Every structure is written in structure tokens, then in C-alpha cells.
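> Please see the structure below; I have some questions.
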Amino acid sequence: MNKKQLYIILFLLAPLASMAQFSINSGLNDINYSTPKTYEIGGITVSGSDYFNPATVKVISGLTVGDKIEVPGTKITKALQNLWEQNLFGDVSIAATKIDGDKIFLDIYIRELPRLSKFKFTGVKKSKQKDLRDEIELIRGKIVTENLLINTRNKVKDYFVKKGFLDVAVDITQVDDTNATNTVIMVINVDIAKRVKVKSITFHDNQSIRTKKLKRQLKETKEYKPYNIFTSSKYIPHSFQKDLPQIVEKYNEKGYRDAKIVMDSVYRVSEKRVAIDIQVEEGNRYYFRDIKWVGNTIHSTSKLNRILDIKKGQVYNKKMLESRLYMSQNGRDVSSLYLDDGYLFFQITPVEVKIENDSIDFELRMYEGKQARINRVTIKGNTKTNDHVIRREIRTLPGELFSRSDIIRTQRELAQLGYFNPETMGVNPSPDQENGTVDIEYVVEEKPSDQVELSGGWGGGRVVGSLGVTFNNFSTRNFFKKGAWRPLPAGDGQRLAIRAQSSGFGYQAYSLSFTEPWLGGRKPNSLSLNLIHQNLNNQGEGDDRQSMKSYGASVGLGRRLKFPDDFFSLYNEVSYKYYVMDNYNVFGFADGFANNLDFTHVLSRNSSGPSPIYPTTGANTVLTLQHTIPYSWFRPADTDYENWTLQEKNLFVEYHKWKFQTSWFSSLNPGSKRQFVLNTKAGFGYLGSFNKKLGTTQFERFYLGGDGLTGFNQFVAREIIALRGYGAGDLSPTAGATFVTKYTAELRYPFSLNPSATIYGLVFGEAGNSWGSFKDANPFEVYKSAGMGIRIFMPMFGLLGLDWGYRFDDIPGRTDPNSHTEIHFSIGGSINGW
């Protein structure tokens with residue numbers, strides 16, 4: 001027998017016969033299958049492989065040259081099992097290609113599963129395909145296994161079920177790709193069908209809580225109402241299951257400790273509607289009776305009782321009890337009392353020790369532990385901002401006692417910088433109870449902070465366009481470092497802004513500003529520098545030419561205060577502006593110049609946050625005094641100001657200007673992912689003179705109405721205050737106002753809190769008025785408006801705003817009953833003004 005011509009297919013055990021295909025040469029009689037024979041593997045080859053490395057296939061099989069095997073035997077069976085378990089092959093077999101004495105030469109044949117060359121969708125709009133691609137995470141070259149097909153089908157189906165398409169059908173077909181060997185194109189066919197919404201929600205056996213209140217607890221499952229455009233009514237099974245525990249929690253809040261849902265059912269009432277039935281069992285209502293503290297040695301029982309503030313006979317409320325013990329929204333809870341004093345290992349467990357009739361006795365068992373000190377503080381994720389910029393905002397310092405409130409404050413301060421994504425910001429404490437220490441890691445994610453301003457506004461009877469760039473994380477220290485220009489040196493938290501405004505040849509303005517928030521690097525003392533030049537003319541010639549120019553510069557110093565608390569700050573600035581008028585009658589005199597040297601003092605308290613773009617809590621209150629030197633005090637008392645020309649009166653402008661503004665943020669559904677926020681604001685302004693005979697200057701007057709865009713009006717030293725629903729300056733005298741008041745209430749709702757595009761809608765009500773003289777002012781005699789709007793914040797462009805306002809009162813001196821609405825649009829500006 002010529003063995004070189006042999007090709008022997010080895011028999012496997014019966015269970016594997018269905019997995020691989022074998023052919024047997026009936027002419028072979030060297031192998032007696034009833035009497036296994038031992039061979040030494042003399043060589044192993046791999047055939048059929050397109051992409052797999054033959055060495056990898058050999059390793060997976062577990063067979064090695066030199067191994068002793070029985071033919072037939074279990075080692076061959078095990079090798080085939082190893083290969084099949086990878087789920088990478090469509091066919092596997094092992095054959096003997098040659099037998100030379102006691103040596104056997106094997107060939108492992110594999111037929112690889114096809115690989116993915118590309119995939120596409122049918123039945124899905126292009127706008128949805130990008131999200132689906134991110135969801136299924138298919139990549140070119142991936143092996144198309146049965147598991148991959150099942151997972152892809154399930155992910156696509158779940159994607160549409162979450163959007164209310166319960167009857168979605170997904171079918172996946174594979175088409176051979178002729179451009180590459182053993183590759184396929186995956187075609188994902190989707191039949192979305194109809195979206196299914198909730199027609200009705202019915203509660204059964206609820207006696208103590210009305211159905212309407214129980215429906216409110218279903219946060220993600222709502223009945224379909226045609227008029228409700230802000231609430232989705234699509235039925236999503238997993239969201240409904242997440243909502244059900246909220247029903248029980250609501251009963252617990254009302255004292256029904258044993259309340260439970262005994263049945264819930266969902267059934268179709270039409271092709272596009274389902275109905276939901278929920279049956280509850282309320283049980284008895286319970287009350288707090290005796291509450292005993294166990295294990296407290298640091299704080300007295302009376303002090304803990306004051307914080308807990310639960311009286312005997314009060315209705316049992318599990319949620320209230322837990323909020324008084326752990327992590328309440330306002331920080332007034334027992335855990336915070338200990339955690340803010342370093343007791344990181346503190347634990348408290350409420351235990352029901354006795355239930356009698358409708359009363360419950362509690363023991364609040366405490367483990368105070370020992371105080372923990374901070375060991376290391378690390379920062380992770382800052383790829384652009386330097387460590388020292390972050391560390392100077394951190395309140396948790398090595399060696400100090402652990403404090404929960406300091407961590408919360410640190411997170412707020414880091415969010416206020418505007419360099420990081422507040423949604424992904426995290427804190428990872430690593431306590432070491434044995435040593436009484438804790439390591440704290442702050443995790444941040446950089447977001448774009450530089451801005452390109454492209455804004456447009458109407459002022460002075462013309463369209464004014466603005467173009468500017470603001471670098472909010474600039475670094476002068478790295479200015480001369482070659483590698484730091486990517487594209488500009490950054491990371492030290494400084495602010496550099498360059499801005500230009502123009503309406504063509506008739507008006508141009510240029511400004512440059514720089515802010516160093518930590519002058520010297522050790523204390524939060526800020527330095528601000530500003531330069532500005534403006535030019536306004538009518539482009540006339542000869543006697544018809546009219547022009548006005550101004551030059552200005554300012555220097556400001558700010559610092560954070562520790563009293564009354566560390567939310568306060570004080571800012572002082574000195575500013576000089578020089579105006580030159582040439583045949584341009586703005587302030588009552590056409591030719592001449594004016595000097596305005598003023599000093600500004602700003603005392604503010606800002607606790608709003610945590611996000612500076614969409615704050616949900618806190619307040620921002622600002623008191624501003626702006627004044628010049630009282631030059632008239634140094635002149636003779638008998639100076640005849642009545643005979644002074646306007647040039648003489650404005651040679652050195654003098655005034656004092658007071659402003660008070662406050663803005664409060666209140667979340668209407670704290671703890672929710674998307675919170676409704678009520679923002680209430682009030683503002684007052686007064687411009688006065690140091691000398692009654694000299695009168696009030698025409699500079700720095702208030703103009704109320706419109707969208708608050710500055711532009712040209714800033715040039716003529718006016719302060720523009722927005723009041724939506726009215727046109728620019730409609731609610732002020734022609735010469736400007738010396739007293740102004742404004743009130744605003746806004747209800748906001750976020751559509752997206754993504755830092756790359758924060759979007760929220762709002763409805764508002766506003767009222768305000770201004771007067772030429774303080775003696776005529778009446779803060780309750782106001783013009784009112786209401787409307788709605790939207791805000792979009794994009795890091796590269798700042799705040800984009802669009803508002804529609806309806807005014808309830810006529811504009812003074814105008815009769816236009818058919819036009820009571822205004823559209824206000826801003827790019828890079830603040831529609832809200834004050």
C-alpha cells in the first residue's frame with residue numbers, strides 16, 4: 001500500500017457527527033476503528049483559512065506536534081470542540097493526510113464565517129440612521145455570527161420600542177460582497193409600524209388618594225391628550241415598570257406603609273392605543289410614635305431631634321424620614337451634620353422595633369466612627385486645563401477633615417468655570433477606615449469654552465453687526481512657548497476677548513479685553529483690562545459732515561469675600577472715556593468734547609448653579625455704584641451754572657448711578673433629570689447728580705424696551721434694558737430715563753442639557769417702566785407683557801435667543817392697536833438684559 005496517496009478522515013464521536021462533514025476512503029485498512037492505535041503527531045497544517053492565522057487555529061485546537069494521540073480517540077474530539085466553541089467557523093474537520101510508521105500528519109480544515117464589509121438600513125429615515133448606527137456599534141471586519149445577528153436585531157428593536165413603536169419588526173439579510181473574499185453586506189430591514197400611545201390609565205380600589213394624583217406619579221407613562229404638547233404619551237414597557245414603584249412610594253408618603261400593587265395589566269384597545277389598569281391595595285394608615293436614638297455620643301439627642309423634626313402622632317412618611325436622615329436637598333439632615341464634620345464612616349439605620357395597631361416605634365441606630373482626614377486629592381480628565389487652575393477652586397485640601405459640603409461646593413465652582421461638562425463631572429472618594437483617611441478623585445471632562453460671536457442688532461436707525469472671538473481659557477504664561485500654540489496657548493483660565501462692530505462706513509467699534517482671575521496665582525483676586533475705540537459719522541462732506549468719536553480704557557480689580565459668606569465678591573473699576581463731537585448733536589451740543597472718568601463698585605452674591613448655563617437653584621444678587629468725581633463740590637458755591645454752555649457742563653461729566661438686580665432660581669421638580677425652573681428677577685436703577693443746579697447729565701441714562709442688544713447705543717453712553725413685547729427704548733423718554741424698574745418671571749424647561757448644545761424653552765411675564773425724574777417714579781406703575789421663547793447655548797457661539805412677546809399696554813405716545821407683538825432675536829447677546 002502506497003501511504004503517500006492516503007487521505008484518511010478520522011471518525012469522531014456520535015455527538016459531533018452533526019457538526020462537521022467527513023469523507024472516508026473505504027480502501028484504507030491501516031486503521032482498525034474497533035481497536036484504537038496510538039500515534040505521534042508528526043505535523044499539522046491548516047486549510048480553508050482566509051483571515052485567521054494558522055498558528056492561532058492550532059493553538060485553539062489544543063493539538064501540538066509531538067503529542068501522542070489515539071486514533072480514533074478523545075483528543076481529536078476535544079480539538080474539534082475547542083474550535084466549535086469559538087463560534088467563528090461554519091464548518092470544521094480534522095483529517096489525516098499521511099501516516100508514516102507511528103507518526104500521523106493532520107490537516108485542520110476550517111470554513112470561516114463571513115465578515116462584515118458594510119451594513120445598511122431599509123425602512124428607516126436618514127435622520128434616525130445615525131443614532132441607530134451608534135446604538136448597534138457594528139464595525140467593518142466584524143465576524144457575522146448568529147449571536148451578532150441576534151444582538152443587532154434586538155438592539156434595533158429596543159431602539160424603536162423605546163420610542164413607542166411596539167410592533168416594530170426587524171429582519172436581517174446577508175448579501176455576498178463580490179468586492180472582497182468571504183464578506184457580506186448586512187441589510188437591516190425595519191418595519192416600524194404604528195406608534196402606540198396610552199389611551200387611558202385606570203386605578204382600582206384607591207380610596208385615600210385621588211386617581212389624578214396617582215397618575216402624576218407615573219413620570220414616563222402619560223395618557224394621550226391632544227392639547228398636551230410638552231408631555232409624551234407613548235407606551236414604553238420598561239418605563240412603565242419603572243414608574244409603578246412611584247405609586248407605592250406616594251402611598252408611603254401618606255402613611256400607608258403596607259400599600260402595594262396587586263395587579264397591573266396593559267391591553268390593546270386599537271391598533272395605535274393601549275389601556276392600562278392598575279389595582280392597588282392601600283392597607284392601613286400608620287403614624288410615628290416613639291423615636292429613640294441609639295449610639296449617639298457626639299451630638300445630643302435634643303439636637304438630633306431638632307434636625308429630624310418628626311413629632312409623635314405625625315403621619316408615617318418613609319420618604320420624609322429618609323430625607324431627614326440622609327442627603328436632603330437643602331443639606332439639613334443628620335448624615336450631613338456628621339459628614340460635614342469629618343465623620344465619613346458614619347452610618348445610621350432606622351429600625352421598626354414595634355408596630356402596635358396604627359403606630360410605629362423606631363430606633364435610629366448610629367455608628368459614628370472616627371473622623372477622617374483627607375490624604376490625597378487627585379484630578380482626572382483635564383486634557384487642556386492645567387491642574388493649578390482646578391486645584392485653586394477645590395475646597396477639600398489634604399490634611400483637613402472630610403466635608404461633604406466642601407465637595408458639593410467644589411463641584412459648583414468647577415462647573416462655574418465653564419471649562420467642563422457639568423453632566424459628567426464626578427467625585428470618587430476612596431476611604432481607608434483603618435487609617436482614618438480618604439483619598440478624593442475629581443473627574444472632569446473638558447468641553448469647548450472658546451466662543452465666536454456673530455451678532456446682529458438694530459440701534460440708532462441702522463443694523464449693527466458684531467464679530468468677535470473670546471478665549472475663555474487663555475494662557476499668557478505659555479505665550480512664547482512654541483509647542484503651546486494649538487492653536488493658541490491655553491489652560492491657565494485667563495480670558496482674552498477681541499470684538500469688532502460695524503454698520504459699514506457709518507459706524508465702527510473695536511474692543512479688546514483681558515481678565516486674569518487669579519492675580520499672582522495665590523488668591524482669587526482678579527485683574528481686568530479693557531480698551532475700546534468707536535467712530536460714528538454720516539459719511540457727509542464739508543459742512544454736511546457729522547461725526548462722533550470715543551476712546552476708552554478701564555482697569556478693574558475683584559476679589560472674593562469670606563464675610564458674610566464666601567459667595568460674596570467685590571469688584572472695583574476705574575474707567576476713562578473721551579468723546580469728541582464734530583457737528584454731531586447727540587447730547588445737546590454739536591461740537592466739543594467730554595471727559596468721563598468714573599469709578600465702579602460692585603458687591604455681588606452668586607450662589608446659583610450648579611450649571612452656569614441652566615442653573616436650577618440659588619440666587620444672583622448684584623448692587624452696583626458707578627460715580628464720577630464730584631467736580632462741582634470743588635467749585636465756588638456761587639458758580640452760575642445756568643449760564644454755562646453744554647460744553648462747559650460736560651467738559652468733566654459728573655453723576656452717581658445706583659443699580660440693584662436680583663435673580664432667583666427655584667426647581668419645581670428637584671431630583672428629576674430635566675427640571676422645570678422658575679426664575680424670578682427684579683431690578684432697579686437710579687441716575688443722580690451731585691449738584692441740583694448743574695442737573696443730571698445726559699450720559700449713562702437708561703433706555704427700557706426691546707431685546708437689550710447694545711451695539712450703536714452703547715456708543716452714546718446709554719444703558720439698554722430689555723423688556724420683551726416692546727420696541728427698543730419705547731418705554732423711556734427721548735432724552736433717556738434717570739429711574740427704571742423691571743420685574744420678570746420665567747418658567748424654563750430643558751430640551752437638552754448636552755454641553756455642546758444646551759437647549760431650553762421658556763414662557764415669561766415681564767413688567768417695567770422708566771421715568772425722566774425720580775420724583776415722578778412709581779415702581780407699581782408698569783407696562784406689562786408676556787410671551788415665550790427658546791435659548792440655545794453653543795460653546796462656539798454663546799447664547800442664541802428667540803422670543804415672541806405680547807404687550808398688554810399701549811406704548812406711550814403711540815396708537816397702534818393692531819400691533820401688540822414683537823419678535824426678539826439675538827445671536828451672542830442677552831435678550832433678558834437685566
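Residue numbering restarts at 1 for every chain of the C-alpha cells, chains are lettered A, B, ... in their displayed order, and ligands are numbered from 1 as they appear.
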Residues of segment 202-305 of chain A in strand (DSSP E or B) according to DSSP, as a ChimeraX atom specification?

/A:202-204,234,260-270,273-281,287-294

> Skipping near chain neighbours, those fewer than 4 positions away, what residues fall within 6 Å of segment 613-626 of chain A using only C-alpha atoms, listed as a list in words?

Phe599, Thr600, His601, Val602, Leu603, Ser604, Arg605, Asn606, Ser607, Ser608, Gly609, His656, Lys657, Trp658, Lys659, Phe660, Gln661, Thr662, Ser663, Trp664, Phe665, Ser666, Ser667 and Val677 of chain A

> Residues of segment 609-768 of chain A in helix (DSSP H, G or I) according to DSSP, as an NGL selection string?

:A and (631-634 or 641-643 or 646-649 or 712-715)

> Produce a file of the selected residues containing N, CA, C and O atoms, as an mmCIF file, in the first residue's frame.


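Here's the written file out12.cif:
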data_model
loop_
_atom_site.group_PDB
_atom_site.id
_atom_site.type_symbol
_atom_site.label_atom_id
_atom_site.label_comp_id
_atom_site.auth_asym_id
_atom_site.auth_seq_id
_atom_site.Cartn_x
_atom_site.Cartn_y
_atom_site.Cartn_z
ATOM 1 N N TYR A 631 -16.980 117.026 40.779
ATOM 2 C CA TYR A 631 -16.192 118.233 40.472
ATOM 3 C C TYR A 631 -16.859 119.495 40.990
ATOM 4 O O TYR A 631 -16.185 120.453 41.424
ATOM 5 N N SER A 632 -18.193 119.530 40.955
ATOM 6 C CA SER A 632 -18.897 120.761 41.358
ATOM 7 C C SER A 632 -18.703 121.084 42.834
ATOM 8 O O SER A 632 -18.899 122.228 43.240
ATOM 9 N N TRP A 633 -18.336 120.065 43.637
ATOM 10 C CA TRP A 633 -18.108 120.327 45.059
ATOM 11 C C TRP A 633 -16.868 121.199 45.284
ATOM 12 O O TRP A 633 -16.715 121.815 46.332
ATOM 13 N N PHE A 634 -15.982 121.171 44.281
ATOM 14 C CA PHE A 634 -14.724 121.901 44.450
ATOM 15 C C PHE A 634 -14.766 123.267 43.758
ATOM 16 O O PHE A 634 -13.752 123.958 43.721
ATOM 17 N N TYR A 641 -24.281 128.149 37.049
ATOM 18 C CA TYR A 641 -24.415 127.040 36.097
ATOM 19 C C TYR A 641 -25.465 127.305 35.029
ATOM 20 O O TYR A 641 -25.418 126.729 33.948
ATOM 21 N N GLU A 642 -26.430 128.195 35.321
ATOM 22 C CA GLU A 642 -27.495 128.452 34.355
ATOM 23 C C GLU A 642 -26.956 129.086 33.086
ATOM 24 O O GLU A 642 -27.523 128.913 32.003
ATOM 25 N N ASN A 643 -25.872 129.824 33.200
ATOM 26 C CA ASN A 643 -25.298 130.472 32.033
ATOM 27 C C ASN A 643 -24.159 129.671 31.414
ATOM 28 O O ASN A 643 -23.505 130.145 30.480
ATOM 29 N N LEU A 646 -23.410 123.904 27.272
ATOM 30 C CA LEU A 646 -23.389 122.453 27.423
ATOM 31 C C LEU A 646 -21.960 121.911 27.349
ATOM 32 O O LEU A 646 -21.635 120.911 27.992
ATOM 33 N N GLN A 647 -21.118 122.570 26.578
ATOM 34 C CA GLN A 647 -19.715 122.147 26.535
ATOM 35 C C GLN A 647 -19.072 122.313 27.902
ATOM 36 O O GLN A 647 -18.349 121.421 28.369
ATOM 37 N N GLU A 648 -19.344 123.425 28.570
ATOM 38 C CA GLU A 648 -18.761 123.635 29.892
ATOM 39 C C GLU A 648 -19.319 122.638 30.910
ATOM 40 O O GLU A 648 -18.588 122.130 31.766
ATOM 41 N N LYS A 649 -20.610 122.328 30.814
ATOM 42 C CA LYS A 649 -21.214 121.381 31.752
ATOM 43 C C LYS A 649 -20.683 119.960 31.565
ATOM 44 O O LYS A 649 -20.604 119.185 32.515
ATOM 45 N N PHE A 712 -24.828 100.053 18.644
ATOM 46 C CA PHE A 712 -24.670 101.503 18.480
ATOM 47 C C PHE A 712 -25.018 102.261 19.747
ATOM 48 O O PHE A 712 -24.351 103.217 20.120
ATOM 49 N N ASN A 713 -26.063 101.838 20.443
ATOM 50 C CA ASN A 713 -26.500 102.586 21.610
ATOM 51 C C ASN A 713 -25.459 102.617 22.718
ATOM 52 O O ASN A 713 -25.443 103.507 23.551
ATOM 53 N N GLN A 714 -24.570 101.606 22.746
ATOM 54 C CA GLN A 714 -23.520 101.599 23.737
ATOM 55 C C GLN A 714 -22.555 102.761 23.481
ATOM 56 O O GLN A 714 -21.948 103.292 24.402
ATOM 57 N N PHE A 715 -22.438 103.132 22.239
ATOM 58 C CA PHE A 715 -21.512 104.194 21.867
ATOM 59 C C PHE A 715 -21.886 105.520 22.525
ATOM 60 O O PHE A 715 -21.040 106.259 22.982
#

> As a PyMOL selection string, please: the residues near Asp107 of chain A (cut-off 10 Å, only C-alpha atoms, same-chain neighbours under 3 positions excluded).

chain A and resi 9+43-47+93-98+110

> Would you save the residues from that selection as a PDB file, in the first residue's frame, using N, CA, C and O atoms?


ATOM      1  N   ILE A   9      -9.919  10.199   6.743  1.00  0.00           N
ATOM      2  CA  ILE A   9     -10.794  11.045   7.560  1.00  0.00           C
ATOM      3  C   ILE A   9     -11.066  10.320   8.875  1.00  0.00           C
ATOM      4  O   ILE A   9     -11.527   9.185   8.851  1.00  0.00           O
ATOM      5  N   GLY A  43       3.022  16.353  12.185  1.00  0.00           N
ATOM      6  CA  GLY A  43       2.859  17.679  11.593  1.00  0.00           C
ATOM      7  C   GLY A  43       1.396  18.067  11.523  1.00  0.00           C
ATOM      8  O   GLY A  43       0.516  17.198  11.494  1.00  0.00           O
ATOM      9  N   ILE A  44       1.157  19.387  11.545  1.00  0.00           N
ATOM     10  CA  ILE A  44      -0.221  19.901  11.497  1.00  0.00           C
ATOM     11  C   ILE A  44      -0.266  21.021  10.468  1.00  0.00           C
ATOM     12  O   ILE A  44       0.562  21.947  10.498  1.00  0.00           O
ATOM     13  N   THR A  45      -1.195  20.921   9.551  1.00  0.00           N
ATOM     14  CA  THR A  45      -1.432  22.002   8.598  1.00  0.00           C
ATOM     15  C   THR A  45      -2.856  22.519   8.772  1.00  0.00           C
ATOM     16  O   THR A  45      -3.707  21.851   9.352  1.00  0.00           O
ATOM     17  N   VAL A  46      -3.097  23.733   8.277  1.00  0.00           N
ATOM     18  CA  VAL A  46      -4.422  24.351   8.358  1.00  0.00           C
ATOM     19  C   VAL A  46      -4.845  24.745   6.952  1.00  0.00           C
ATOM     20  O   VAL A  46      -4.079  25.407   6.224  1.00  0.00           O
ATOM     21  N   SER A  47      -6.041  24.354   6.559  1.00  0.00           N
ATOM     22  CA  SER A  47      -6.547  24.682   5.230  1.00  0.00           C
ATOM     23  C   SER A  47      -7.905  25.378   5.349  1.00  0.00           C
ATOM     24  O   SER A  47      -8.603  25.235   6.359  1.00  0.00           O
ATOM     25  N   SER A  93     -13.291  20.337  10.360  1.00  0.00           N
ATOM     26  CA  SER A  93     -12.975  18.909  10.300  1.00  0.00           C
ATOM     27  C   SER A  93     -11.480  18.719  10.468  1.00  0.00           C
ATOM     28  O   SER A  93     -10.694  19.635  10.197  1.00  0.00           O
ATOM     29  N   ILE A  94     -11.108  17.526  10.902  1.00  0.00           N
ATOM     30  CA  ILE A  94      -9.698  17.175  11.059  1.00  0.00           C
ATOM     31  C   ILE A  94      -9.457  15.890  10.274  1.00  0.00           C
ATOM     32  O   ILE A  94     -10.182  14.902  10.437  1.00  0.00           O
ATOM     33  N   ALA A  95      -8.438  15.903   9.415  1.00  0.00           N
ATOM     34  CA  ALA A  95      -8.145  14.751   8.571  1.00  0.00           C
ATOM     35  C   ALA A  95      -6.685  14.354   8.707  1.00  0.00           C
ATOM     36  O   ALA A  95      -5.823  15.199   8.984  1.00  0.00           O
ATOM     37  N   ALA A  96      -6.412  13.061   8.517  1.00  0.00           N
ATOM     38  CA  ALA A  96      -5.036  12.575   8.469  1.00  0.00           C
ATOM     39  C   ALA A  96      -4.589  12.602   7.018  1.00  0.00           C
ATOM     40  O   ALA A  96      -5.194  11.967   6.149  1.00  0.00           O
ATOM     41  N   THR A  97      -3.531  13.325   6.733  1.00  0.00           N
ATOM     42  CA  THR A  97      -3.036  13.429   5.361  1.00  0.00           C
ATOM     43  C   THR A  97      -1.952  12.395   5.055  1.00  0.00           C
ATOM     44  O   THR A  97      -1.692  12.094   3.895  1.00  0.00           O
ATOM     45  N   LYS A  98      -1.312  11.878   6.115  1.00  0.00           N
ATOM     46  CA  LYS A  98      -0.246  10.892   5.902  1.00  0.00           C
ATOM     47  C   LYS A  98       0.016  10.146   7.195  1.00  0.00           C
ATOM     48  O   LYS A  98      -0.082  10.730   8.278  1.00  0.00           O
ATOM     49  N   ILE A 110     -10.968  24.481   8.132  1.00  0.00           N
ATOM     50  CA  ILE A 110     -11.978  25.396   8.689  1.00  0.00           C
ATOM     51  C   ILE A 110     -12.641  26.163   7.553  1.00  0.00           C
ATOM     52  O   ILE A 110     -12.002  26.472   6.537  1.00  0.00           O
TER      53      ILE A 110
END

> Could you give me, as a VMD selection string, the residues within 12 Å of segment 558-560 of chain A, counting only C-alpha atoms and dropping anything in the same chain fewer than 6 positions from it?

chain A and resid 393 515 to 519 522 to 529 566 to 574 600 to 606

> So how far away is atom CA of Lys75 of chain A from atom CA of Val57 of chain A, in Å?

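Here the two named atoms are 15.5 Å from each other.
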